[in-house]
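Shown next, in structure tokens, is the structure this report addresses.
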Amino acid sequence: MAKIVQMAHSVSAMKSMSAKNAKNAFGLLLDTARAEPVTIEKHGRRVVVVLSVEEYQRLRKHRVKAVRDAGNIAARKKERA
């Protein structure tokens, strides 16, 4: 039987599955990942995180904004120098 376990991390808890369980219960992995990110472990080591398309797009948008903001800050500092 597939098993998804709750892992405690520094700020929040993330669900986790072994690679074998992820393969054998792919539907469960997809259903869970649509609700929250799931870490996949291989030989006891975290190797990937599966997350929904919506969460991925949100993270990408946040990253693009952060890079743009960093560029603007650098440009302002250069202008002042």
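Chain lettering (A, B, ...) mirrors the order of the structure tokens, residue numbering begins at 1 for each chain separately, and ligand numbering begins at 1 in order of display.
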| said: Just want the 8 Å neighbourhood of range 48-50 of chain A, counted on only C-alpha atoms, with same-chain residues fewer than 2 positions away dropped. Output as a VMD selection string. | reply: chain A and resid 33 37 to 41 46 52
Selected residues written out, N, CA and C atoms, as a tab-separated table (two decimals), in the first residue's frame:
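Below is the file part-v4.tsv, written as the result:
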chain	number	residue	atom	x	y	z
A	33	ALA	N	-0.25	16.09	-4.69
A	33	ALA	CA	0.56	17.21	-5.17
A	33	ALA	C	-0.30	18.37	-5.67
A	37	PRO	N	2.75	20.51	-2.09
A	37	PRO	CA	3.97	19.87	-2.63
A	37	PRO	C	4.27	18.55	-1.91
A	38	VAL	N	4.81	17.60	-2.67
A	38	VAL	CA	5.19	16.29	-2.13
A	38	VAL	C	6.66	16.03	-2.46
A	39	THR	N	7.44	15.70	-1.44
A	39	THR	CA	8.85	15.35	-1.63
A	39	THR	C	8.94	13.86	-1.94
A	40	ILE	N	9.75	13.50	-2.94
A	40	ILE	CA	9.98	12.11	-3.29
A	40	ILE	C	11.39	11.75	-2.82
A	41	GLU	N	11.48	10.64	-2.11
A	41	GLU	CA	12.77	10.19	-1.57
A	41	GLU	C	13.23	8.92	-2.27
A	46	ARG	N	16.01	12.94	-0.06
A	46	ARG	CA	15.05	13.73	-0.85
A	46	ARG	C	15.68	14.05	-2.20
A	52	SER	N	1.81	21.32	-7.89
A	52	SER	CA	0.80	21.62	-8.89
A	52	SER	C	1.31	22.68	-9.88
